[in-house]
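Some notes on the structure that comes next.
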Amino acid sequence: MSVIYNLRELGLTVDQLRMVESLTGSLTPDQALWLSGYLAGLHRGARSALAGEGEALASFPSTSAMAGASANTRSLTVLVGSETGNARALAKSLVQAAGASGLQASLADLAGYPTRKLKDEQDLLIITSTHGEGDPPQSALGFFEFLEGRKAPKLGQVRYAVLALGDSTYEFYCEAGKRIDRRLAELGAARIAPRVDCDVDYDKPAADWIKTVIAAIAPDAGGATSSTVFAKPLSAPAAVPVHDKRNPFAATVIDNIALTGRRSSKETRHIEFSLDGSGLSFAPGDALGILPRNDPALVEDILQTLSLSADAPVTLDDSPTSLGEALTGHFDISASTPRFIDRWAELSGASALAALKTGDQSQRAAFLRDHHVIDILRQYPVAGVAPQAFLSGLRPLQPRLYSIASSQAYAPDEVHLTVTTLRYALHGEARTGVASGHLAERVKPDDTLPVYVQANPHFRLPEDDAPIVMIGAGTGVAPYRAFLQEREIRGARGRSWLFFGERNFHSDFLYQTEWQALLKSGVLHRMSVAFSRDRAEKVYVQHRLQEHGAELYGWMQEGAHIYVCGDAANLAPDVHRTLRDIVQQKGGLSQSAADEYLGELQRGQRYQVDVY
């Protein structure tokens with residue numbers, strides 16, 4: 001009776017109690033032992049799903065894999081380093097596939113993985129993206145420093161495999177994954193399977209890699225993993241439509257206005273979308289994914305250059321469509337890629353393009369930067385190219401991620417973005433960014449765009465009483481607008497200090513009246529600004545940080561959380577060096593001790609970076 005009473009305490013119905021009694025009374029001891037582990041796995045998986053994206057996730061064997069559950073006695077750990085969430089989603093799919101094959105796998109983010117555990121691992125599967133020019137995800141920097149440093153242990157007992165995500169238009173394609181792969185081998189670990197490098201259209205090679213490594217670890221799995229690789233999360237309610245990257249929500253545009261003045265040297269826009277009826281939720285720090293469409297003028301230019309009709313029939317994912325629609329909404333027709341160069345070299349017979357395939361990677365990267373698809377078509381013309389053959393060299397059009405500039409608690413059923421329009425000249429012609437150009441030139445109120453929310457667990461507000469320092473330039477200020485809206489609604493008492501930089505005070509002071517209102521109300525306690533082009537000597541955010549170094553260090557000593565958002569190439573490294581200098585000077589520390597101080601802040605999630 002005591003067991004039944006405890007089950008009733010959990011809220012089980014009478015029918016559920018009867019089923020439990022019936023099932024447990026019919027099990028053999030071995031079956032009962034397996035079931036207890038199965039239910040424990042369910043419990044851990046549910047708790048992890050509720051805890052959020054950044055928590056560890058335990059998987060468990062499916063009923064069909066029960067017989068093979070004990071076949072593998074080695075521990076299996078999946079590590080993930082993710083910048084935009086793609087690697088994290090694949091890692092969860094990998095854990096589910098492992099569970100379906102009778103393998104018990106644990107999932108950990110490289111950001112919080114205890115490096116002391118590395119020497120005790122047995123089977124290790126790592127999925128990591130590459131950011132910018134060969135850098136690891138910002139949140140994974142500590143892991144890379146440890147792995148590539150002198151303290152890394154010998155790993156002769158470890159078996160491993162690496163899935164690397166990247167963008168082939170960059171010179172150091174998938175370099176973060178390559179670095180881990182090389183280093184694990186140097187430390188004595190044995191490869192379970194060769195590393196696979198994935199471009200932005202990673203679904204098929206990633207699915208094949210998952211199937212390969214699971215089959216290698218659990219030989220009896222056969223093809224059981226193929227249908228589970230991209231399954232929906234087990235915690236998702238079946239009756240509720242899930243809007244994500246593969247099933248975006250058609251969001252209506254509420255407003256689309258210019259934030260910058262007429263004399264500004266750039267254009268930055270504030271765009272509001274309605275999420276009414278979407279079921280989408282987000283937290284301050286998350287991003288909104290937008291699926292853009294290509295410029296119709298560029299589509300027409302390509303069609304004319306190839307002497308092809310927009311109505312020409314083509315096949316896309318086994319479905320018929322027109323060439324015009326394929327070029328407008330499904331393929332990247334702006335930036336050229338190694339894949340396109342290789343394909344066009346075959347079709348054109350151009351030796352100069354063929355040489356780029358095997359030549360120096362830096363030369364190929366430079367060529368890609370200086371030549372869009374249309375430039376290559378004009379420079380190396382091909383007569384009579386078949387529409388399908390042309391499409392085979394293009395890669396799918398990818399979503400663009402933008403930091404969300406609003407709090408859902410403050411503006412329910414809405415999501416706001418801050419977007420700078422990318423405009424530049426190439427070969428004497430004006431060019432625009434695919435998504436930013438679409439948003440600036442062709443999106444009006446009441447139009448709809450496909451959107452989804454991309455969680456960013458490594459850029460989160462702390463407790464309401466903790467002080468925060470927000471550092472950003474340009475559109476890097478977007479998440480801080482969300483932060484302060486959220487704190488205003490919650491009545492947070494923690495102090496806040498915003499460092500903001502742009503070009504000119506009169507034309508580029510984004511959300512100026514809002515910051516002033518927040519300062520007046522006490523939600524924002526301090527604001528320090530830097531406008532680089534208002535005087536001959538340029539002043540940037542890092543100069544303001546240095547000016548207030550003593551006070552800033554005092555905030556850090558008192559538990560402040562530091563946030564940096566903006567340009568990955570310049571802002572983030574410049575701000576990091578400045579913070580290190582401040583800690584070194586004001587704390588009386590050596591450079592290595594200052595680095596360790598900041599490293600400890602990062603490991604404690606008190607120093608978080610979101611860059612693009």
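Here's how to read the names in the structure tokens: chain A, B, ... by the order shown, residue numbers from 1 in each chain, ligand numbers from 1 in the order shown.
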
Query - Shell around Ser274 in chain A at 6 Å using only C-alpha atoms, local window under 3 positions removed, as a list in words - result: Ala251, Thr252, Asp413 and Glu414 of chain A

Please dump the current selection as a PDB file, in the first residue's frame; keep all heavy atoms.
ATOM      1  N   ALA A 251       5.354  35.416 -40.317  1.00  0.00           N
ATOM      2  CA  ALA A 251       5.142  36.556 -39.416  1.00  0.00           C
ATOM      3  C   ALA A 251       4.787  37.798 -40.218  1.00  0.00           C
ATOM      4  O   ALA A 251       5.438  38.121 -41.219  1.00  0.00           O
ATOM      5  CB  ALA A 251       6.389  36.809 -38.582  1.00  0.00           C
ATOM      6  N   THR A 252       3.782  38.512 -39.768  1.00  0.00           N
ATOM      7  CA  THR A 252       3.360  39.754 -40.423  1.00  0.00           C
ATOM      8  C   THR A 252       4.216  40.919 -39.939  1.00  0.00           C
ATOM      9  O   THR A 252       4.460  41.066 -38.743  1.00  0.00           O
ATOM     10  CB  THR A 252       1.886  40.053 -40.119  1.00  0.00           C
ATOM     11  OG1 THR A 252       1.085  38.976 -40.585  1.00  0.00           O
ATOM     12  CG2 THR A 252       1.438  41.344 -40.787  1.00  0.00           C
ATOM     13  N   ASP A 413       3.555  38.900 -28.121  1.00  0.00           N
ATOM     14  CA  ASP A 413       3.150  38.613 -29.503  1.00  0.00           C
ATOM     15  C   ASP A 413       3.881  39.463 -30.534  1.00  0.00           C
ATOM     16  O   ASP A 413       3.446  39.571 -31.683  1.00  0.00           O
ATOM     17  CB  ASP A 413       1.633  38.791 -29.683  1.00  0.00           C
ATOM     18  CG  ASP A 413       0.839  37.801 -28.871  1.00  0.00           C
ATOM     19  OD1 ASP A 413       1.304  36.661 -28.707  1.00  0.00           O
ATOM     20  OD2 ASP A 413      -0.243  38.165 -28.371  1.00  0.00           O
ATOM     21  N   GLU A 414       5.009  40.071 -30.127  1.00  0.00           N
ATOM     22  CA  GLU A 414       5.818  40.832 -31.074  1.00  0.00           C
ATOM     23  C   GLU A 414       7.278  40.422 -30.933  1.00  0.00           C
ATOM     24  O   GLU A 414       7.703  39.918 -29.899  1.00  0.00           O
ATOM     25  CB  GLU A 414       5.705  42.342 -30.811  1.00  0.00           C
ATOM     26  CG  GLU A 414       4.337  42.933 -31.076  1.00  0.00           C
ATOM     27  CD  GLU A 414       4.313  44.442 -30.853  1.00  0.00           C
ATOM     28  OE1 GLU A 414       5.410  45.051 -30.741  1.00  0.00           O
ATOM     29  OE2 GLU A 414       3.207  45.014 -30.793  1.00  0.00           O
TER      30      GLU A 414
END

Query raised in the report: Looking only at the backbone, which of the residues in range 546-601 of chain A does DSSP tag as alpha helix (DSSP H), as a PyMOL selection string?
Result: chain A and resi 546-547+549-557+571-587+591-601

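Among the candidates A:Gly559, A:Gly549, A:Gly494, A:Gly289, the one nearest to Leu601 in chain A when counting only C-alpha atoms is A:Gly559.
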
Query - Using only C-alpha atoms: which of A:Tyr380, A:Thr212, A:Leu327, A:Thr73 has the shortest distance to Glu346 in chain A - result: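 Between A:Tyr380, A:Thr212, A:Leu327, A:Thr73, the residue approaching Glu346 in chain A most closely is A:Tyr380.
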
Query raised in the report: If you run DSSP on the backbone, which residues of range 204-431 of chain A are strand (DSSP E), as a PyMOL selection string?
Result: chain A and resi 249-258+268-274+287-290+313-316+319-322+400-403+414-420+423-426+429-431

Atoms kept (C-alpha atoms) for selection, written as a JSON list (two decimals), in the first residue's frame:
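The new file result_35.json reads:
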[["chain", "number", "residue", "atom", "x", "y", "z"],
["A", 249, "PHE", "CA", 6.16, 30.85, -39.07],
["A", 250, "ALA", "CA", 4.76, 33.40, -41.52],
["A", 251, "ALA", "CA", 5.14, 36.56, -39.42],
["A", 252, "THR", "CA", 3.36, 39.75, -40.42],
["A", 253, "VAL", "CA", 5.45, 42.92, -40.54],
["A", 254, "ILE", "CA", 4.04, 45.54, -38.15],
["A", 255, "ASP", "CA", 6.54, 48.33, -38.80],
["A", 256, "ASN", "CA", 9.73, 48.93, -40.74],
["A", 257, "ILE", "CA", 11.38, 52.29, -40.09],
["A", 258, "ALA", "CA", 14.82, 53.87, -40.46],
["A", 268, "THR", "CA", 19.96, 50.95, -39.82],
["A", 269, "ARG", "CA", 16.32, 49.92, -39.53],
["A", 270, "HIS", "CA", 13.95, 48.95, -36.73],
["A", 271, "ILE", "CA", 11.59, 46.17, -37.83],
["A", 272, "GLU", "CA", 8.68, 44.76, -35.84],
["A", 273, "PHE", "CA", 6.95, 41.44, -36.53],
["A", 274, "SER", "CA", 3.76, 39.96, -35.13],
["A", 287, "ALA", "CA", 17.98, 35.47, -32.15],
["A", 288, "LEU", "CA", 15.33, 35.50, -34.86],
["A", 289, "GLY", "CA", 15.99, 33.48, -37.99],
["A", 290, "ILE", "CA", 14.66, 34.99, -41.21],
["A", 313, "PRO", "CA", 11.06, 23.58, -65.46],
["A", 314, "VAL", "CA", 13.47, 22.25, -62.81],
["A", 315, "THR", "CA", 13.25, 19.74, -59.98],
["A", 316, "LEU", "CA", 13.82, 20.72, -56.38],
["A", 319, "SER", "CA", 9.27, 18.34, -56.69],
["A", 320, "PRO", "CA", 8.77, 20.29, -59.92],
["A", 321, "THR", "CA", 9.11, 24.07, -59.88],
["A", 322, "SER", "CA", 10.26, 26.88, -62.16],
["A", 400, "ARG", "CA", 19.96, 34.85, -41.49],
["A", 401, "LEU", "CA", 20.04, 35.30, -37.71],
["A", 402, "TYR", "CA", 19.48, 38.65, -36.01],
["A", 403, "SER", "CA", 19.67, 39.41, -32.30],
["A", 414, "GLU", "CA", 5.82, 40.83, -31.07],
["A", 415, "VAL", "CA", 9.48, 40.54, -31.92],
["A", 416, "HIS", "CA", 11.71, 43.48, -32.87],
["A", 417, "LEU", "CA", 14.96, 43.57, -34.85],
["A", 418, "THR", "CA", 17.70, 46.15, -35.44],
["A", 419, "VAL", "CA", 19.21, 45.61, -38.89],
["A", 420, "THR", "CA", 21.91, 47.55, -40.76],
["A", 423, "ARG", "CA", 25.61, 48.03, -49.14],
["A", 424, "TYR", "CA", 28.89, 47.98, -51.04],
["A", 425, "ALA", "CA", 30.36, 48.17, -54.53],
["A", 426, "LEU", "CA", 31.94, 45.28, -56.43],
["A", 429, "GLU", "CA", 28.23, 47.78, -59.35],
["A", 430, "ALA", "CA", 26.17, 48.47, -56.24],
["A", 431, "ARG", "CA", 25.53, 45.31, -54.21]]

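Separating CA of Gly177 in chain A from CA of Pro194 in chain A is a distance of 11.7 Å.
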
Report task. Choose the residue, out of A:Gln591, A:Thr169, A:Asp581, A:Ala478, that has the smallest atom-to-atom separation from His371 in chain A; count only C-alpha atoms. Result -> A:Thr169

Requested in this report: Name the residues in contact with Glu145 in chain A at a cut-off of 12 Å, using only C-alpha atoms, excluding same-chain residues fewer than 5 positions from it; report them as a PyMOL selection string.
Outcome: chain A and resi 110-111+115+135-136+138-140+150-152+176+179-180+183+595-596+599

With N, CA and C atoms retained, could you export that selection as a JSON list (two decimals), in the first residue's frame?
[["chain", "number", "residue", "atom", "x", "y", "z"],
["A", 110, "LEU", "N", 30.49, 22.40, -24.78],
["A", 110, "LEU", "CA", 31.91, 22.67, -24.54],
["A", 110, "LEU", "C", 32.09, 23.86, -23.61],
["A", 111, "ALA", "N", 31.09, 24.75, -23.57],
["A", 111, "ALA", "CA", 31.19, 25.93, -22.72],
["A", 111, "ALA", "C", 31.27, 25.57, -21.25],
["A", 115, "THR", "N", 36.81, 20.09, -17.97],
["A", 115, "THR", "CA", 37.93, 19.52, -18.72],
["A", 115, "THR", "C", 38.66, 18.42, -17.96],
["A", 135, "ASP", "N", 37.92, 30.42, -36.23],
["A", 135, "ASP", "CA", 37.84, 30.46, -34.77],
["A", 135, "ASP", "C", 36.77, 29.50, -34.26],
["A", 136, "PRO", "N", 36.97, 28.96, -33.05],
["A", 136, "PRO", "CA", 35.92, 28.15, -32.43],
["A", 136, "PRO", "C", 34.79, 29.05, -31.95],
["A", 138, "GLN", "N", 32.64, 31.23, -29.56],
["A", 138, "GLN", "CA", 33.12, 32.03, -28.43],
["A", 138, "GLN", "C", 32.98, 31.28, -27.11],
["A", 139, "SER", "N", 31.86, 30.59, -26.94],
["A", 139, "SER", "CA", 31.61, 29.90, -25.68],
["A", 139, "SER", "C", 32.53, 28.71, -25.46],
["A", 140, "ALA", "N", 33.20, 28.24, -26.51],
["A", 140, "ALA", "CA", 34.05, 27.06, -26.41],
["A", 140, "ALA", "C", 35.54, 27.40, -26.33],
["A", 150, "ARG", "N", 49.36, 22.77, -22.57],
["A", 150, "ARG", "CA", 50.29, 21.80, -22.00],
["A", 150, "ARG", "C", 49.63, 20.89, -20.97],
["A", 151, "LYS", "N", 48.47, 21.32, -20.43],
["A", 151, "LYS", "CA", 47.83, 20.53, -19.38],
["A", 151, "LYS", "C", 46.92, 19.43, -19.93],
["A", 152, "ALA", "N", 46.76, 19.39, -21.23],
["A", 152, "ALA", "CA", 45.89, 18.36, -21.81],
["A", 152, "ALA", "C", 46.47, 16.97, -21.54],
["A", 176, "ALA", "N", 37.79, 24.86, -36.79],
["A", 176, "ALA", "CA", 37.64, 24.48, -35.38],
["A", 176, "ALA", "C", 37.55, 22.96, -35.23],
["A", 179, "ARG", "N", 40.94, 21.40, -35.88],
["A", 179, "ARG", "CA", 41.86, 21.56, -34.75],
["A", 179, "ARG", "C", 41.61, 20.49, -33.68],
["A", 180, "ILE", "N", 40.35, 20.26, -33.35],
["A", 180, "ILE", "CA", 40.03, 19.24, -32.36],
["A", 180, "ILE", "C", 40.46, 17.86, -32.86],
["A", 183, "ARG", "N", 44.25, 17.52, -32.66],
["A", 183, "ARG", "CA", 44.78, 17.51, -31.31],
["A", 183, "ARG", "C", 44.44, 16.21, -30.57],
["A", 595, "ASP", "N", 44.43, 37.27, -17.66],
["A", 595, "ASP", "CA", 43.77, 36.33, -18.58],
["A", 595, "ASP", "C", 42.99, 35.28, -17.80],
["A", 596, "GLU", "N", 43.57, 34.77, -16.73],
["A", 596, "GLU", "CA", 42.90, 33.77, -15.92],
["A", 596, "GLU", "C", 41.67, 34.37, -15.23],
["A", 599, "GLY", "N", 39.10, 34.48, -17.82],
["A", 599, "GLY", "CA", 38.71, 33.10, -18.10],
["A", 599, "GLY", "C", 37.77, 32.56, -17.05]]

Report task. Counting only C-alpha atoms, figure out which residue out of A:Ala411, A:Ala405, A:Val611, A:Val443 gets nearest to Asp286 in chain A. Result -> A:Ala405

Requested in this report: Could you check how far CA of Asp465 in chain A sits from CA of Arg493 in chain A, in Å to one decimal?
Outcome: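 That distance, rounded to one decimal, is 5.1 Å.
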
May I have the residues within 7 Å of range 124-131 of chain A as a PDB file with C-alpha atoms, in the first residue's frame, using only C-alpha atoms and disregarding those fewer than 5 positions away in the same chain?
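Listing of part.pdb after writing:
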ATOM      1  CA  LEU A  76      29.595   7.605 -24.613  1.00  0.00           C
ATOM      2  CA  THR A  77      29.804  11.406 -24.388  1.00  0.00           C
ATOM      3  CA  VAL A  78      28.637  13.896 -27.015  1.00  0.00           C
ATOM      4  CA  LEU A  79      30.290  17.323 -26.842  1.00  0.00           C
ATOM      5  CA  VAL A  80      28.988  20.308 -28.784  1.00  0.00           C
ATOM      6  CA  GLY A  81      30.354  23.743 -29.593  1.00  0.00           C
ATOM      7  CA  SER A  82      27.711  25.921 -31.204  1.00  0.00           C
ATOM      8  CA  GLU A  83      27.545  29.564 -32.241  1.00  0.00           C
ATOM      9  CA  ALA A  87      25.600  22.163 -33.987  1.00  0.00           C
ATOM     10  CA  ALA A  91      24.067  16.964 -31.135  1.00  0.00           C
ATOM     11  CA  PRO A 136      35.922  28.152 -32.427  1.00  0.00           C
ATOM     12  CA  PRO A 137      32.577  29.292 -31.011  1.00  0.00           C
ATOM     13  CA  ARG A 159      37.969   6.682 -29.193  1.00  0.00           C
ATOM     14  CA  TYR A 160      36.520   9.701 -30.953  1.00  0.00           C
ATOM     15  CA  ALA A 161      34.898  11.161 -34.050  1.00  0.00           C
ATOM     16  CA  VAL A 162      34.427  14.780 -35.122  1.00  0.00           C
ATOM     17  CA  LEU A 163      31.697  16.451 -37.171  1.00  0.00           C
ATOM     18  CA  ALA A 164      32.798  19.937 -38.254  1.00  0.00           C
ATOM     19  CA  LEU A 165      30.409  22.644 -39.406  1.00  0.00           C
ATOM     20  CA  GLY A 166      31.551  25.646 -41.393  1.00  0.00           C
ATOM     21  CA  CYS A 174      35.702  24.016 -40.638  1.00  0.00           C
ATOM     22  CA  GLU A 175      38.988  24.861 -38.917  1.00  0.00           C
ATOM     23  CA  ALA A 176      37.639  24.477 -35.379  1.00  0.00           C
ATOM     24  CA  GLY A 177      36.675  20.865 -36.056  1.00  0.00           C
TER      25      GLY A 177
END
